[in-house]
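Coordinates from query31.pdb are shown below (PDB, C-alpha atoms).
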```
ATOM      1  CA  MET R 748     -57.493 -76.352 174.536  1.00  0.00           C
ATOM      2  CA  PRO R 749     -55.317 -73.866 172.601  1.00  0.00           C
ATOM      3  CA  PRO R 750     -57.099 -72.308 169.614  1.00  0.00           C
ATOM      4  CA  ARG R 751     -54.245 -73.200 167.233  1.00  0.00           C
ATOM      5  CA  ARG R 752     -55.259 -76.877 167.382  1.00  0.00           C
ATOM      6  CA  HIS R 753     -58.510 -75.900 165.694  1.00  0.00           C
ATOM      7  CA  MET R 754     -56.773 -73.806 163.048  1.00  0.00           C
ATOM      8  CA  ARG R 755     -56.277 -76.333 160.290  1.00  0.00           C
ATOM      9  CA  ASP R 756     -56.587 -73.926 157.363  1.00  0.00           C
ATOM     10  CA  LYS R 757     -53.923 -71.643 155.886  1.00  0.00           C
ATOM     11  CA  ALA R 758     -54.124 -68.088 154.608  1.00  0.00           C
ATOM     12  CA  GLN R 759     -51.900 -65.202 153.657  1.00  0.00           C
ATOM     13  CA  ILE R 760     -52.648 -61.713 154.979  1.00  0.00           C
ATOM     14  CA  GLY R 761     -52.430 -58.960 152.387  1.00  0.00           C
ATOM     15  CA  VAL R 762     -51.145 -55.515 153.354  1.00  0.00           C
ATOM     16  CA  PHE R 763     -52.522 -52.598 151.343  1.00  0.00           C
ATOM     17  CA  GLN R 764     -50.082 -50.776 149.070  1.00  0.00           C
ATOM     18  CA  THR R 765     -50.703 -47.822 146.751  1.00  0.00           C
ATOM     19  CA  VAL R 766     -48.803 -47.815 143.491  1.00  0.00           C
ATOM     20  CA  SER R 767     -48.749 -44.502 141.638  1.00  0.00           C
ATOM     21  CA  ASN R 768     -47.837 -44.926 137.989  1.00  0.00           C
ATOM     22  CA  GLY R 769     -49.909 -42.092 136.660  1.00  0.00           C
ATOM     23  CA  PRO R 770     -52.689 -39.752 137.647  1.00  0.00           C
ATOM     24  CA  GLU R 771     -54.882 -42.524 139.085  1.00  0.00           C
ATOM     25  CA  PRO R 772     -53.466 -44.457 142.055  1.00  0.00           C
ATOM     26  CA  VAL R 773     -53.666 -48.223 141.676  1.00  0.00           C
ATOM     27  CA  GLU R 774     -54.211 -50.277 144.807  1.00  0.00           C
ATOM     28  CA  SER R 775     -52.390 -53.518 145.330  1.00  0.00           C
ATOM     29  CA  PHE R 776     -51.703 -55.911 148.164  1.00  0.00           C
ATOM     30  CA  VAL R 777     -48.483 -57.565 149.289  1.00  0.00           C
ATOM     31  CA  TYR R 778     -49.123 -60.978 150.828  1.00  0.00           C
ATOM     32  CA  GLY R 779     -47.016 -62.446 153.605  1.00  0.00           C
ATOM     33  CA  SER R 780     -46.256 -66.092 154.207  1.00  0.00           C
ATOM     34  CA  ALA R 781     -49.052 -68.539 154.988  1.00  0.00           C
ATOM     35  CA  VAL R 782     -50.284 -68.642 158.583  1.00  0.00           C
ATOM     36  CA  SER R 783     -52.734 -70.923 160.363  1.00  0.00           C
ATOM     37  CA  CYS R 784     -56.359 -69.868 160.503  1.00  0.00           C
ATOM     38  CA  ARG R 785     -59.860 -71.252 160.854  1.00  0.00           C
ATOM     39  CA  PHE R 786     -62.375 -70.713 158.050  1.00  0.00           C
ATOM     40  CA  VAL R 787     -65.994 -70.602 159.219  1.00  0.00           C
ATOM     41  CA  ARG R 788     -68.861 -70.223 156.767  1.00  0.00           C
ATOM     42  CA  THR R 789     -71.673 -68.350 158.482  1.00  0.00           C
ATOM     43  CA  SER R 790     -75.129 -67.406 157.389  1.00  0.00           C
ATOM     44  CA  THR R 791     -75.233 -64.144 155.465  1.00  0.00           C
ATOM     45  CA  ARG R 792     -75.801 -61.205 157.749  1.00  0.00           C
ATOM     46  CA  GLU R 793     -75.486 -57.447 157.766  1.00  0.00           C
ATOM     47  CA  VAL R 794     -72.562 -55.807 159.512  1.00  0.00           C
ATOM     48  CA  LEU R 795     -72.856 -52.158 160.429  1.00  0.00           C
ATOM     49  CA  ASP R 796     -69.605 -50.220 160.143  1.00  0.00           C
ATOM     50  CA  GLY R 797     -70.202 -46.540 160.792  1.00  0.00           C
ATOM     51  CA  LYS R 798     -72.928 -45.507 158.362  1.00  0.00           C
ATOM     52  CA  GLU R 799     -72.316 -48.347 155.915  1.00  0.00           C
ATOM     53  CA  GLN R 800     -73.971 -51.745 155.924  1.00  0.00           C
ATOM     54  CA  ASP R 801     -72.286 -54.685 154.247  1.00  0.00           C
ATOM     55  CA  LEU R 802     -73.117 -58.340 153.878  1.00  0.00           C
ATOM     56  CA  THR R 803     -70.755 -60.913 155.296  1.00  0.00           C
ATOM     57  CA  ASP R 804     -70.843 -64.668 154.818  1.00  0.00           C
ATOM     58  CA  VAL R 805     -67.524 -65.866 156.244  1.00  0.00           C
ATOM     59  CA  GLN R 806     -65.527 -65.517 159.432  1.00  0.00           C
ATOM     60  CA  ILE R 807     -61.811 -66.231 159.423  1.00  0.00           C
ATOM     61  CA  HIS R 808     -60.091 -66.669 162.787  1.00  0.00           C
ATOM     62  CA  PHE R 809     -56.370 -66.018 163.329  1.00  0.00           C
ATOM     63  CA  ARG R 810     -54.069 -66.313 166.335  1.00  0.00           C
ATOM     64  CA  ALA R 811     -53.834 -63.084 168.308  1.00  0.00           C
ATOM     65  CA  ASP R 812     -50.203 -62.508 167.291  1.00  0.00           C
ATOM     66  CA  GLN R 813     -51.214 -61.649 163.697  1.00  0.00           C
ATOM     67  CA  THR R 814     -51.685 -58.068 162.493  1.00  0.00           C
ATOM     68  CA  LEU R 815     -54.873 -57.266 160.602  1.00  0.00           C
ATOM     69  CA  THR R 816     -56.714 -54.043 159.850  1.00  0.00           C
ATOM     70  CA  ASP R 817     -59.940 -53.282 158.039  1.00  0.00           C
ATOM     71  CA  ALA R 818     -57.775 -52.587 154.936  1.00  0.00           C
ATOM     72  CA  SER R 819     -56.251 -56.091 154.961  1.00  0.00           C
ATOM     73  CA  ARG R 820     -57.170 -58.771 152.470  1.00  0.00           C
ATOM     74  CA  ILE R 821     -57.024 -62.500 153.053  1.00  0.00           C
ATOM     75  CA  LYS R 822     -55.875 -65.068 150.518  1.00  0.00           C
ATOM     76  CA  LEU R 823     -57.109 -68.498 151.614  1.00  0.00           C
ATOM     77  CA  THR R 824     -54.702 -71.184 150.354  1.00  0.00           C
ATOM     78  CA  ARG R 825     -55.764 -74.290 152.299  1.00  0.00           C
ATOM     79  CA  ARG R 826     -59.160 -75.341 153.623  1.00  0.00           C
ATOM     80  CA  ASN R 827     -60.085 -78.571 155.426  1.00  0.00           C
ATOM     81  CA  LEU R 828     -56.449 -79.740 155.193  1.00  0.00           C
ATOM     82  CA  THR R 829     -56.610 -79.542 151.376  1.00  0.00           C
ATOM     83  CA  THR R 830     -54.524 -77.077 149.376  1.00  0.00           C
ATOM     84  CA  LEU R 831     -56.790 -75.047 147.111  1.00  0.00           C
ATOM     85  CA  ALA R 832     -55.977 -75.238 143.390  1.00  0.00           C
ATOM     86  CA  THR R 833     -57.140 -71.633 143.058  1.00  0.00           C
ATOM     87  CA  PRO R 834     -56.761 -69.445 146.161  1.00  0.00           C
ATOM     88  CA  GLU R 835     -59.883 -67.688 147.435  1.00  0.00           C
ATOM     89  CA  TYR R 836     -59.724 -63.986 148.246  1.00  0.00           C
ATOM     90  CA  TYR R 837     -61.684 -62.219 150.983  1.00  0.00           C
ATOM     91  CA  GLU R 838     -61.962 -58.620 152.076  1.00  0.00           C
ATOM     92  CA  LEU R 839     -62.687 -57.636 155.651  1.00  0.00           C
ATOM     93  CA  VAL R 840     -66.026 -56.121 156.559  1.00  0.00           C
ATOM     94  CA  GLY R 841     -65.516 -53.799 159.496  1.00  0.00           C
ATOM     95  CA  LEU R 842     -62.708 -54.039 162.003  1.00  0.00           C
ATOM     96  CA  PRO R 843     -61.273 -57.356 163.183  1.00  0.00           C
ATOM     97  CA  TRP R 844     -62.094 -58.121 166.817  1.00  0.00           C
ATOM     98  CA  TYR R 845     -60.648 -60.247 169.604  1.00  0.00           C
ATOM     99  CA  THR R 846     -62.478 -63.072 171.335  1.00  0.00           C
ATOM    100  CA  ASP R 847     -63.200 -62.682 175.062  1.00  0.00           C
ATOM    101  CA  ASP R 848     -60.037 -64.565 176.035  1.00  0.00           C
ATOM    102  CA  ASN R 849     -57.874 -62.385 173.691  1.00  0.00           C
ATOM    103  CA  ARG R 850     -56.344 -65.462 172.053  1.00  0.00           C
ATOM    104  CA  THR R 851     -58.028 -65.215 168.666  1.00  0.00           C
ATOM    105  CA  ILE R 852     -58.728 -62.441 166.149  1.00  0.00           C
ATOM    106  CA  VAL R 853     -62.020 -62.817 164.290  1.00  0.00           C
ATOM    107  CA  CYS R 854     -62.511 -61.229 160.873  1.00  0.00           C
ATOM    108  CA  ASN R 855     -65.925 -60.854 159.280  1.00  0.00           C
ATOM    109  CA  CYS R 856     -65.252 -61.314 155.584  1.00  0.00           C
ATOM    110  CA  GLN R 857     -66.890 -61.098 152.222  1.00  0.00           C
ATOM    111  CA  SER R 858     -65.683 -63.120 149.255  1.00  0.00           C
ATOM    112  CA  MET R 859     -64.235 -61.207 146.365  1.00  0.00           C
ATOM    113  CA  PRO R 860     -65.036 -61.919 142.732  1.00  0.00           C
ATOM    114  CA  THR R 861     -62.378 -63.791 140.789  1.00  0.00           C
ATOM    115  CA  GLY R 862     -59.906 -61.368 139.241  1.00  0.00           C
ATOM    116  CA  ALA R 863     -60.496 -58.664 141.865  1.00  0.00           C
ATOM    117  CA  GLU R 864     -57.536 -59.728 143.994  1.00  0.00           C
TER
END
```
Could you take the file, read its structure, and then write that structure out as structure tokens?
Amino acid sequence: MPPRRHMRDKAQIGVFQTVSNGPEPVESFVYGSAVSCRFVRTSTREVLDGKEQDLTDVQIHFRADQTLTDASRIKLTRRNLTTLATPEYYELVGLPWYTDDNRTIVCNCQSMPTGAE
């Protein structure tokens, strides 16, 4: 069965931008249009990325034709077929990876505090 049939949630992928309006660069993200995804709450676990260890509590799955990097952010706009009144923001922990059949990209994510988007 194609993975897109299981992707009933929607999210926007944020691309990192640096805005320089002074001596300190300010980071921002430009979000694309909403794409299908699958939100999976997992038990909290440690992810080792180089020498850093981070906690992750969510996996978000996308179709393989999406472009994500470890600098991407995800803005979840619909979960369980319900549009969220307030979008939820997630940052990636480590690099996204492909499933064995190369049809899905899996992102280990950590929720971001409100206002940090």
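One distance worth recording is that between CA of Asp804 (chain R) and CA of Arg788 (chain R), which is 6.2 Å.
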Name every residue that the PyMOL selection byres ((chain R and resi 779-782) around 10) selects in this structure, writing the answer as a PDB file with C-alpha atoms, in the frame of the given file with chains first and numbers rising.
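Final output, expr-v4.pdb:
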```pdb
ATOM      1  CA  MET R 754     -56.773 -73.806 163.048  1.00  0.00           C
ATOM      2  CA  ARG R 755     -56.277 -76.333 160.290  1.00  0.00           C
ATOM      3  CA  ASP R 756     -56.587 -73.926 157.363  1.00  0.00           C
ATOM      4  CA  LYS R 757     -53.923 -71.643 155.886  1.00  0.00           C
ATOM      5  CA  ALA R 758     -54.124 -68.088 154.608  1.00  0.00           C
ATOM      6  CA  GLN R 759     -51.900 -65.202 153.657  1.00  0.00           C
ATOM      7  CA  ILE R 760     -52.648 -61.713 154.979  1.00  0.00           C
ATOM      8  CA  GLY R 761     -52.430 -58.960 152.387  1.00  0.00           C
ATOM      9  CA  VAL R 762     -51.145 -55.515 153.354  1.00  0.00           C
ATOM     10  CA  PHE R 776     -51.703 -55.911 148.164  1.00  0.00           C
ATOM     11  CA  VAL R 777     -48.483 -57.565 149.289  1.00  0.00           C
ATOM     12  CA  TYR R 778     -49.123 -60.978 150.828  1.00  0.00           C
ATOM     13  CA  SER R 783     -52.734 -70.923 160.363  1.00  0.00           C
ATOM     14  CA  CYS R 784     -56.359 -69.868 160.503  1.00  0.00           C
ATOM     15  CA  PHE R 809     -56.370 -66.018 163.329  1.00  0.00           C
ATOM     16  CA  ARG R 810     -54.069 -66.313 166.335  1.00  0.00           C
ATOM     17  CA  GLN R 813     -51.214 -61.649 163.697  1.00  0.00           C
ATOM     18  CA  LYS R 822     -55.875 -65.068 150.518  1.00  0.00           C
ATOM     19  CA  LEU R 823     -57.109 -68.498 151.614  1.00  0.00           C
ATOM     20  CA  THR R 824     -54.702 -71.184 150.354  1.00  0.00           C
ATOM     21  CA  ARG R 825     -55.764 -74.290 152.299  1.00  0.00           C
TER      22      ARG R 825
END
```
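Take CA of Ala811 (chain R) and CA of Asn827 (chain R): the distance between them is 21.1 Å.
Reported to one decimal place, the separation of CA of Val805 (chain R) from CA of Cys856 (chain R) is 5.1 Å.
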Result set of the PyMOL selection byres ((chain R and resi 843-848) around 10) on the coordinates above, as a ChimeraX atom specification:
/R:806-811,814-817,819,839-842,849-856
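Residues within 10 Å of Ser858 (chain R), counting only C-alpha atoms and excluding same-chain residues fewer than 5 positions away, are Leu802, Thr803, Asp804, Val805, Ile821, Glu835, Tyr836, Tyr837, Glu838 and Leu839 of chain R.
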